[in-house]
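S.K.: TSV, C-alpha atoms, file structure15.tsv:
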```
chain	number	residue	atom	x	y	z
Q	125	MET	CA	-106.17	144.06	67.78
Q	126	GLN	CA	-107.37	140.67	66.62
Q	127	GLY	CA	-103.95	139.06	66.80
Q	128	ARG	CA	-103.34	140.36	70.31
Q	129	ALA	CA	-106.85	139.40	71.41
Q	130	MET	CA	-106.26	135.77	70.52
Q	131	GLN	CA	-103.39	135.64	73.01
Q	132	GLY	CA	-104.75	137.97	75.67
Q	133	ALA	CA	-106.92	137.58	78.78
Q	134	ALA	CA	-105.65	136.37	82.09
Q	135	ARG	CA	-106.15	132.77	83.15
Q	136	PRO	CA	-109.42	132.57	85.09
Q	137	ARG	CA	-109.68	131.29	88.63
Q	138	ALA	CA	-110.67	127.65	88.96
Q	139	SER	CA	-114.13	128.57	90.24
Q	140	SER	CA	-114.94	130.35	86.99
Q	141	LEU	CA	-114.39	127.14	85.00
Q	142	ASP	CA	-117.40	125.42	86.57
Q	143	ARG	CA	-120.55	127.46	86.25
Q	144	ALA	CA	-123.88	127.67	84.49
Q	145	VAL	CA	-123.70	130.23	81.71
Q	146	ALA	CA	-126.94	132.18	81.56
Q	147	GLY	CA	-128.71	132.77	78.29
Q	148	PRO	CA	-132.13	133.38	76.79
Q	149	GLU	CA	-134.82	130.97	75.73
Q	150	GLY	CA	-133.69	127.72	77.31
Q	151	SER	CA	-129.93	128.14	76.86
Q	152	ARG	CA	-129.17	127.81	80.60
Q	153	ASP	CA	-127.33	124.52	80.16
Q	154	VAL	CA	-124.98	123.49	82.93
Q	155	MET	CA	-121.88	123.36	80.76
Q	156	THR	CA	-118.30	123.62	81.89
Q	157	ALA	CA	-117.00	126.74	80.23
Q	158	PHE	CA	-113.70	125.19	79.20
Q	159	TYR	CA	-112.14	123.56	76.17
Q	160	ARG	CA	-108.63	123.22	74.80
Q	161	LEU	CA	-107.20	123.86	71.37
Q	162	ASP	CA	-103.64	122.58	71.54
Q	163	ALA	CA	-102.79	123.22	67.91
Q	164	THR	CA	-101.35	126.14	65.99
Q	165	ALA	CA	-103.29	127.99	63.31
Q	166	ALA	CA	-101.30	126.10	60.65
Q	167	GLN	CA	-102.12	122.74	62.25
Q	168	ILE	CA	-105.82	123.65	62.52
Q	169	GLY	CA	-105.82	124.67	58.86
Q	170	ALA	CA	-104.25	121.39	57.78
Q	171	ALA	CA	-106.58	119.26	59.92
Q	172	LEU	CA	-109.82	121.01	58.97
Q	173	ARG	CA	-109.03	122.11	55.39
Q	174	THR	CA	-109.05	125.77	56.31
Q	175	GLU	CA	-106.98	128.81	55.42
Q	176	PRO	CA	-105.15	129.65	58.68
Q	177	GLY	CA	-105.33	133.41	58.13
Q	178	ALA	CA	-103.00	136.01	59.60
Q	179	ASP	CA	-104.04	135.96	63.26
Q	180	PRO	CA	-101.71	133.96	65.52
Q	181	TRP	CA	-103.03	131.17	67.72
Q	182	PRO	CA	-100.25	129.54	69.76
Q	183	GLY	CA	-102.51	126.89	71.27
Q	184	GLY	CA	-104.07	126.74	74.73
Q	185	TYR	CA	-107.33	126.79	76.65
Q	186	MET	CA	-110.57	128.64	76.01
Q	187	THR	CA	-113.20	129.99	78.40
Q	188	PRO	CA	-116.04	132.50	77.82
Q	189	GLY	CA	-114.68	136.01	77.56
Q	190	ARG	CA	-111.57	134.96	75.65
Q	191	TYR	CA	-110.83	135.32	71.95
Q	192	GLY	CA	-110.22	132.13	70.03
Q	193	PRO	CA	-110.26	130.89	66.44
Q	194	VAL	CA	-113.39	129.72	64.65
Q	195	ILE	CA	-113.86	128.68	61.03
Q	196	VAL	CA	-116.24	130.60	58.80
Q	197	ARG	CA	-117.12	130.14	55.15
Q	198	THR	CA	-116.53	133.32	53.19
Q	199	ARG	CA	-118.69	134.57	50.33
Q	200	ASP	CA	-116.21	133.15	47.84
Q	201	GLY	CA	-116.66	129.70	49.38
Q	202	VAL	CA	-113.33	129.55	51.22
Q	203	ARG	CA	-113.06	128.31	54.79
Q	204	ARG	CA	-111.04	130.76	56.86
Q	205	LEU	CA	-109.83	130.82	60.46
Q	206	VAL	CA	-110.86	134.06	62.19
Q	207	PRO	CA	-110.82	135.28	65.82
Q	208	ARG	CA	-114.10	135.57	67.71
Q	209	LEU	CA	-115.00	136.28	71.34
Q	210	TRP	CA	-116.63	133.35	73.16
Q	211	GLY	CA	-119.95	134.65	74.49
Q	212	VAL	CA	-122.62	136.48	72.48
Q	213	PRO	CA	-124.18	139.57	74.09
Q	214	PRO	CA	-127.63	138.68	75.51
Q	215	PRO	CA	-130.90	140.17	74.25
Q	216	PRO	CA	-131.49	143.81	75.28
Q	217	ALA	CA	-134.05	142.88	77.94
Q	218	ALA	CA	-131.66	140.40	79.53
Q	219	ALA	CA	-128.77	142.84	79.29
Q	220	LEU	CA	-130.75	145.44	81.24
Q	221	THR	CA	-131.08	143.00	84.14
Q	222	GLY	CA	-127.42	142.02	84.10
Q	223	GLY	CA	-127.70	138.97	81.86
Q	224	ALA	CA	-124.42	137.25	81.08
Q	225	PRO	CA	-123.10	136.70	77.55
Q	226	VAL	CA	-124.52	133.56	75.95
Q	227	ALA	CA	-121.84	130.86	75.60
Q	228	HIS	CA	-124.11	127.89	74.77
Q	229	VAL	CA	-127.26	127.47	72.66
Q	230	ARG	CA	-129.67	124.61	73.37
Q	231	ASN	CA	-133.02	125.91	72.10
Q	232	VAL	CA	-132.49	126.31	68.36
Q	233	GLU	CA	-136.12	127.39	67.93
Q	234	SER	CA	-135.57	130.45	70.11
Q	235	PRO	CA	-136.52	133.74	68.38
Q	236	PHE	CA	-133.15	135.05	69.57
Q	237	TRP	CA	-131.29	132.46	67.48
Q	238	ILE	CA	-133.47	131.08	64.70
Q	239	GLY	CA	-132.93	133.94	62.26
Q	240	THR	CA	-129.16	133.73	62.65
Q	241	LEU	CA	-129.13	129.94	62.32
Q	242	ARG	CA	-131.05	130.13	59.05
Q	243	HIS	CA	-128.30	132.30	57.54
Q	244	THR	CA	-125.41	130.04	56.60
Q	245	GLU	CA	-122.81	132.82	56.84
Q	246	PHE	CA	-123.29	132.94	60.62
Q	247	ARG	CA	-122.71	129.26	61.25
Q	248	CYS	CA	-119.15	128.35	62.14
Q	249	LEU	CA	-116.91	125.46	63.10
Q	250	VAL	CA	-115.19	125.72	66.48
Q	251	PRO	CA	-111.93	123.73	66.40
Q	252	VAL	CA	-110.96	121.94	69.62
Q	253	THR	CA	-108.60	119.20	70.78
Q	254	SER	CA	-110.60	118.38	73.93
Q	255	PHE	CA	-113.46	119.69	76.06
Q	256	GLN	CA	-114.18	119.35	79.74
Q	257	LEU	CA	-117.29	118.62	81.78
Q	258	TRP	CA	-117.74	118.29	85.52
Q	259	ALA	CA	-119.58	115.35	87.05
Q	260	GLN	CA	-122.95	116.46	88.40
Q	261	ALA	CA	-122.64	114.23	91.47
Q	262	PRO	CA	-119.72	114.25	93.94
Q	263	ASP	CA	-117.26	111.37	93.93
Q	264	PRO	CA	-118.32	109.18	96.89
Q	265	ARG	CA	-114.67	108.60	97.75
Q	266	THR	CA	-113.73	112.26	98.06
Q	267	GLY	CA	-117.05	114.13	98.32
Q	268	LYS	CA	-115.88	116.39	95.47
Q	269	ARG	CA	-117.04	116.71	91.89
Q	270	THR	CA	-114.57	115.44	89.30
Q	271	ALA	CA	-113.60	117.04	86.01
Q	272	HIS	CA	-113.65	114.80	82.93
Q	273	ARG	CA	-111.85	115.46	79.67
Q	274	PHE	CA	-113.30	114.25	76.36
Q	275	THR	CA	-111.35	113.67	73.14
Q	276	LEU	CA	-111.76	111.93	69.77
Q	277	PRO	CA	-109.03	109.30	69.36
Q	278	GLY	CA	-109.54	109.36	65.59
Q	279	ALA	CA	-109.10	113.14	65.27
Q	280	ALA	CA	-106.47	115.18	67.10
Q	281	VAL	CA	-108.35	118.35	66.08
Q	282	PHE	CA	-112.14	118.18	65.67
Q	283	ALA	CA	-114.97	120.67	65.26
Q	284	LEU	CA	-117.92	121.71	67.40
Q	285	ALA	CA	-120.97	123.37	65.86
Q	286	GLY	CA	-121.01	127.09	66.50
Q	287	ILE	CA	-122.98	130.22	65.67
Q	288	TRP	CA	-121.55	133.73	65.56
Q	289	ARG	CA	-122.92	137.25	65.58
Q	290	ASP	CA	-121.46	140.59	64.62
Q	291	SER	CA	-123.08	142.81	67.25
Q	292	GLU	CA	-121.02	145.00	69.60
Q	293	VAL	CA	-118.14	142.67	68.87
Q	294	ALA	CA	-117.86	139.59	66.65
Q	295	SER	CA	-118.61	136.74	69.05
Q	296	PHE	CA	-119.74	133.10	69.03
Q	297	ALA	CA	-121.62	130.47	71.03
Q	298	LEU	CA	-121.52	126.67	71.02
Q	299	LEU	CA	-124.56	124.57	70.18
Q	300	THR	CA	-125.46	121.85	72.68
Q	301	CYS	CA	-127.70	118.80	72.65
Q	302	ASP	CA	-128.71	115.79	74.72
Q	303	PRO	CA	-125.69	113.81	75.91
Q	304	ASN	CA	-124.69	110.46	74.49
Q	305	ARG	CA	-124.21	107.47	76.79
Q	306	LEU	CA	-120.55	108.25	77.58
Q	307	VAL	CA	-121.13	111.91	78.43
Q	308	ALA	CA	-124.34	111.13	80.30
Q	309	SER	CA	-122.35	108.95	82.69
Q	310	VAL	CA	-120.75	112.20	83.86
Q	311	ASN	CA	-123.26	114.91	82.99
Q	312	PRO	CA	-126.80	113.69	82.17
Q	313	ARG	CA	-128.00	117.09	80.97
Q	314	THR	CA	-125.99	118.23	77.98
Q	315	MET	CA	-122.98	118.01	75.68
Q	316	PRO	CA	-121.60	120.17	72.85
Q	317	VAL	CA	-122.59	119.31	69.30
Q	318	ILE	CA	-119.60	117.51	67.75
Q	319	LEU	CA	-119.54	117.35	63.96
Q	320	GLN	CA	-118.27	114.44	61.87
Q	321	SER	CA	-115.62	115.60	59.42
Q	322	GLU	CA	-117.90	114.80	56.48
Q	323	ASP	CA	-120.57	117.08	57.97
Q	324	HIS	CA	-118.45	120.21	58.29
Q	325	GLU	CA	-119.47	121.58	54.92
Q	326	ARG	CA	-123.14	120.73	55.53
Q	327	TRP	CA	-123.09	122.76	58.74
Q	328	LEU	CA	-121.55	125.72	56.96
Q	329	ARG	CA	-123.69	125.82	53.84
Q	330	ALA	CA	-126.80	123.57	54.00
Q	331	ASP	CA	-130.36	124.82	54.34
Q	332	TRP	CA	-131.28	125.06	58.03
Q	333	LYS	CA	-133.81	122.23	57.77
Q	334	GLU	CA	-130.96	119.91	56.75
Q	335	ALA	CA	-128.29	121.43	58.99
Q	336	GLN	CA	-130.55	121.12	62.04
Q	337	ARG	CA	-130.33	117.33	61.75
Q	338	LEU	CA	-126.68	117.61	62.78
Q	339	VAL	CA	-127.69	118.96	66.20
Q	340	ALA	CA	-127.57	115.51	67.77
Q	341	PRO	CA	-125.42	113.46	70.16
Q	342	PHE	CA	-122.08	112.24	68.79
Q	343	PRO	CA	-121.48	108.45	68.85
Q	344	SER	CA	-120.02	107.38	72.22
Q	345	GLN	CA	-117.83	104.71	70.64
Q	346	GLN	CA	-115.85	107.38	68.75
Q	347	MET	CA	-114.98	109.28	71.94
Q	348	ALA	CA	-112.61	108.80	74.87
Q	349	MET	CA	-112.86	110.15	78.42
Q	350	ASP	CA	-110.40	110.55	81.26
Q	351	GLU	CA	-110.44	112.28	84.62
Q	352	GLY	CA	-108.50	115.42	85.32
Q	353	GLY	CA	-108.81	119.16	85.67
Q	354	PRO	CA	-107.75	121.88	83.21
Q	355	ARG	CA	-104.56	120.98	81.41
```
I'd like the structure from this file rewritten - as C-alpha cells, please.
M.R.:
Amino acid sequence: MQGRAMQGAARPRASSLDRAVAGPEGSRDVMTAFYRLDATAAQIGAALRTEPGADPWPGGYMTPGRYGPVIVRTRDGVRRLVPRLWGVPPPPAAALTGGAPVAHVRNVESPFWIGTLRHTEFRCLVPVTSFQLWAQAPDPRTGKRTAHRFTLPGAAVFALAGIWRDSEVASFALLTCDPNRLVASVNPRTMPVILQSEDHERWLRADWKEAQRLVAPFPSQQMAMDEGGPR
C-alpha cells in the first residue's frame, strides 16, 4: 500500500493549488499547497544522508492529500525515508464542523501541536527541490496573480521542517514562519521553515527549547526565485 500510495492520486486542478489550508490554533496561513521533489529515493538518500527505504518515489509534485517521502529518525538513530500523507487530521471539534486536514503549522504553542513537537520522534525532515508561492497582489500588467518558484542554488535537494502524527493514517504538516525579505516581496505573510543542512540532526533530536530556535526565516541570499506555475 505504501509504495503504491507514493505514486497515486490524480493531478489536482489548478484552482486547488492556490488556497488557504484551514487548521486549528492560528495555522490558517495562506500557503500555496504545492512543492516539488524532483529526485528519486536514492538521490534523496545520498543528498540528505538517509536510508532510502523500500518505498519507490519516482520524483514529482506534492499537494495536500498526496503521499510523499519524509525523513524520520528511528529509535536506533538511523534516518530513514518513509511515506506519509500530507495533511494531518484536524482536532475532533474541527472535524465535526468539516475542518480540513492541517497542512501547515504556524502556532507552535498550540495545544494541538506542542505535545507532538516536544517528542523528537514525531519531528521529520521534508525533502524538496523547490516550493511555490503565489503573489498576494495581482500583476499590474495582467491583473492576475503570479506563481513564484523558490529554490536553493547551493542544494539541489533541501529539507523543510515537518511534524508527523500517527492518527487515522500516518500524516505530516509543514512548519511555517515569518517570511524573509525575498519571500516577503511575493507573499508578506508566511514561508515554510527551511533547515540548514547542519541543523537537520538538531531538528530531529534536540530538546524542543533548542529545536524551536530553528523555526525562523531562512537567509534570503541563499535562495533564488523565478516566476512560473507548477512544473
S.K.: Near Gly189 (chain Q), counting only C-alpha atoms, which residues have an atom at most 9 Å away, once you skip same-chain residues fewer than 2 positions from it, shown as a list in words?
M.R.: Ala133, Met186, Thr187, Tyr191, Leu209, Trp210, Gly211 and Pro225 of chain Q
S.K.: Keeping C-alpha atoms for every residue in the selection just given, could you write it to a file as a CSV table (one decimal), in the coordinates of the input?
M.R.:
```
chain,number,residue,atom,x,y,z
Q,133,ALA,CA,-106.9,137.6,78.8
Q,186,MET,CA,-110.6,128.6,76.0
Q,187,THR,CA,-113.2,130.0,78.4
Q,191,TYR,CA,-110.8,135.3,72.0
Q,209,LEU,CA,-115.0,136.3,71.3
Q,210,TRP,CA,-116.6,133.4,73.2
Q,211,GLY,CA,-120.0,134.6,74.5
Q,225,PRO,CA,-123.1,136.7,77.6
```
S.K.: Listing only residues of region 184-279 of chain Q within 7 Å of region 170-177 of chain Q, what is the closest atom pair and its distance in Å (to one decimal) for each, using all atoms listed in the file, sorted by chain and residue number ascending, as JSON lines?
M.R.:
```
{"residue": "Q:Arg203", "atom": "CA", "partner": "Q:Thr174", "partner_atom": "CA", "distance": 5.0}
{"residue": "Q:Arg204", "atom": "CA", "partner": "Q:Glu175", "partner_atom": "CA", "distance": 4.7}
{"residue": "Q:Leu205", "atom": "CA", "partner": "Q:Pro176", "partner_atom": "CA", "distance": 5.1}
{"residue": "Q:Val206", "atom": "CA", "partner": "Q:Gly177", "partner_atom": "CA", "distance": 6.9}
```
S.K.: Taking 5 positions as the minimum chain separation for residues in the same chain, which residues sit within 8 Å of region 296-304 of chain Q when counting all atoms listed in the file? Answer as an MDAnalysis selection string.
M.R.: chainID Q and resid 208:212 226:230 250 284:289 311:317 339:344
S.K.: Pull C-alpha atoms from the residues just selected and write them as a PDB file, in the coordinates of the input.
M.R.:
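Saved as again-v2.pdb:
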```
ATOM      1  CA  ARG Q 208    -114.100 135.570  67.710  1.00  0.00           C
ATOM      2  CA  LEU Q 209    -115.000 136.280  71.340  1.00  0.00           C
ATOM      3  CA  TRP Q 210    -116.630 133.350  73.160  1.00  0.00           C
ATOM      4  CA  GLY Q 211    -119.950 134.650  74.490  1.00  0.00           C
ATOM      5  CA  VAL Q 212    -122.620 136.480  72.480  1.00  0.00           C
ATOM      6  CA  VAL Q 226    -124.520 133.560  75.950  1.00  0.00           C
ATOM      7  CA  ALA Q 227    -121.840 130.860  75.600  1.00  0.00           C
ATOM      8  CA  HIS Q 228    -124.110 127.890  74.770  1.00  0.00           C
ATOM      9  CA  VAL Q 229    -127.260 127.470  72.660  1.00  0.00           C
ATOM     10  CA  ARG Q 230    -129.670 124.610  73.370  1.00  0.00           C
ATOM     11  CA  VAL Q 250    -115.190 125.720  66.480  1.00  0.00           C
ATOM     12  CA  LEU Q 284    -117.920 121.710  67.400  1.00  0.00           C
ATOM     13  CA  ALA Q 285    -120.970 123.370  65.860  1.00  0.00           C
ATOM     14  CA  GLY Q 286    -121.010 127.090  66.500  1.00  0.00           C
ATOM     15  CA  ILE Q 287    -122.980 130.220  65.670  1.00  0.00           C
ATOM     16  CA  TRP Q 288    -121.550 133.730  65.560  1.00  0.00           C
ATOM     17  CA  ARG Q 289    -122.920 137.250  65.580  1.00  0.00           C
ATOM     18  CA  ASN Q 311    -123.260 114.910  82.990  1.00  0.00           C
ATOM     19  CA  PRO Q 312    -126.800 113.690  82.170  1.00  0.00           C
ATOM     20  CA  ARG Q 313    -128.000 117.090  80.970  1.00  0.00           C
ATOM     21  CA  THR Q 314    -125.990 118.230  77.980  1.00  0.00           C
ATOM     22  CA  MET Q 315    -122.980 118.010  75.680  1.00  0.00           C
ATOM     23  CA  PRO Q 316    -121.600 120.170  72.850  1.00  0.00           C
ATOM     24  CA  VAL Q 317    -122.590 119.310  69.300  1.00  0.00           C
ATOM     25  CA  VAL Q 339    -127.690 118.960  66.200  1.00  0.00           C
ATOM     26  CA  ALA Q 340    -127.570 115.510  67.770  1.00  0.00           C
ATOM     27  CA  PRO Q 341    -125.420 113.460  70.160  1.00  0.00           C
ATOM     28  CA  PHE Q 342    -122.080 112.240  68.790  1.00  0.00           C
ATOM     29  CA  PRO Q 343    -121.480 108.450  68.850  1.00  0.00           C
ATOM     30  CA  SER Q 344    -120.020 107.380  72.220  1.00  0.00           C
TER      31      SER Q 344
END
```
S.K.: So how far away is CA of Gln345 (chain Q) from CA of Pro188 (chain Q), in Å?
M.R.: 28.8 Å
S.K.: Set the distance at 12 Å and use all atoms listed in the file: which residues neighbour Arg199 (chain Q) once local chain neighbours fewer than 5 positions away are removed? I'd like the list as a PyMOL selection string.
M.R.: chain Q and resi 204+244-246+328-329
S.K.: Quick one, how far is CA of Thr270 (chain Q) from CA of Met347 (chain Q)?
M.R.: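 These two atoms are separated by 18.4 Å.
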S.K.: For the contact check between region 157-178 of chain Q and region 254-264 of chain Q, emit one row per residue of region 157-178 of chain Q within 9 Å, containing the shortest atom pair and the distance in Å rounded to one decimal, counting all atoms listed in the file, chain then rising number order, as a tab-separated table.
M.R.:
```
residue	atom	partner	partner_atom	distance
Q:Ala157	CA	Q:Gln256	CA	7.9
Q:Phe158	CA	Q:Gln256	CA	5.9
Q:Tyr159	CA	Q:Phe255	CA	4.1
Q:Arg160	CA	Q:Ser254	CA	5.3
Q:Leu161	CA	Q:Ser254	CA	6.9
Q:Asp162	CA	Q:Ser254	CA	8.5
```
S.K.: Taking all atoms listed in the file into account, name the residue in Q:Val307, Q:Arg269, Q:Cys248, Q:Pro277 that is nearest to Leu319 (chain Q).
M.R.: Q:Cys248
S.K.: Find the spatial neighbours of Ala348 (chain Q), counting all atoms listed in the file, within a cut-off of 7 Å - ignore same-chain residues fewer than 3 positions away - and output them as a count of residues only.
M.R.: 4
S.K.: Just how far from CA of Ala294 (chain Q) is CA of Gly222 (chain Q), in Å to one decimal?
M.R.: 20.0 Å
S.K.: Go through Q:Pro215, Q:Pro207, Q:Gly239, Q:Pro251 and flag the residue nearest Ile168 (chain Q), using all atoms listed in the file for the distances.
M.R.: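 Result for the nearest residue to Ile168 (chain Q): Q:Pro251.
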S.K.: Any chance you could model N, CA and C atoms for region 302-317 of chain Q and send them as a short mmCIF file (atom, residue, chain, number, x, y, z; two decimals), keeping the file's coordinate frame?
M.R.:
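Output saved as rebuild_25.cif:
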```
data_model
loop_
_atom_site.label_atom_id
_atom_site.label_comp_id
_atom_site.auth_asym_id
_atom_site.auth_seq_id
_atom_site.Cartn_x
_atom_site.Cartn_y
_atom_site.Cartn_z
N ASP Q 302 -128.68 116.85 73.72
CA ASP Q 302 -128.71 115.79 74.72
C ASP Q 302 -127.40 115.03 74.71
N PRO Q 303 -126.96 114.54 75.87
CA PRO Q 303 -125.69 113.81 75.91
C PRO Q 303 -125.81 112.40 75.36
N ASN Q 304 -124.72 111.87 74.83
CA ASN Q 304 -124.69 110.46 74.49
C ASN Q 304 -124.43 109.64 75.76
N ARG Q 305 -124.32 108.33 75.61
CA ARG Q 305 -124.21 107.47 76.79
C ARG Q 305 -122.93 107.76 77.59
N LEU Q 306 -121.82 107.99 76.89
CA LEU Q 306 -120.55 108.25 77.58
C LEU Q 306 -120.62 109.55 78.38
N VAL Q 307 -121.05 110.62 77.74
CA VAL Q 307 -121.13 111.91 78.43
C VAL Q 307 -122.16 111.87 79.53
N ALA Q 308 -123.28 111.19 79.30
CA ALA Q 308 -124.34 111.13 80.30
C ALA Q 308 -123.88 110.44 81.58
N SER Q 309 -122.87 109.59 81.49
CA SER Q 309 -122.35 108.95 82.69
C SER Q 309 -121.69 109.96 83.62
N VAL Q 310 -121.36 111.13 83.08
CA VAL Q 310 -120.75 112.20 83.86
C VAL Q 310 -121.73 113.34 84.07
N ASN Q 311 -122.35 113.78 82.97
CA ASN Q 311 -123.26 114.91 82.99
C ASN Q 311 -124.51 114.54 82.20
N PRO Q 312 -125.62 114.20 82.87
CA PRO Q 312 -126.80 113.69 82.17
C PRO Q 312 -127.63 114.77 81.48
N ARG Q 313 -127.17 116.00 81.48
CA ARG Q 313 -128.00 117.09 80.97
C ARG Q 313 -127.63 117.57 79.57
N THR Q 314 -126.35 117.56 79.22
CA THR Q 314 -125.99 118.23 77.98
C THR Q 314 -124.60 117.86 77.52
N MET Q 315 -124.32 118.11 76.24
CA MET Q 315 -122.98 118.01 75.68
C MET Q 315 -122.90 118.95 74.47
N PRO Q 316 -121.71 119.35 74.07
CA PRO Q 316 -121.60 120.17 72.85
C PRO Q 316 -121.90 119.34 71.62
N VAL Q 317 -122.33 119.99 70.56
CA VAL Q 317 -122.59 119.31 69.30
C VAL Q 317 -121.26 119.12 68.57
#
```
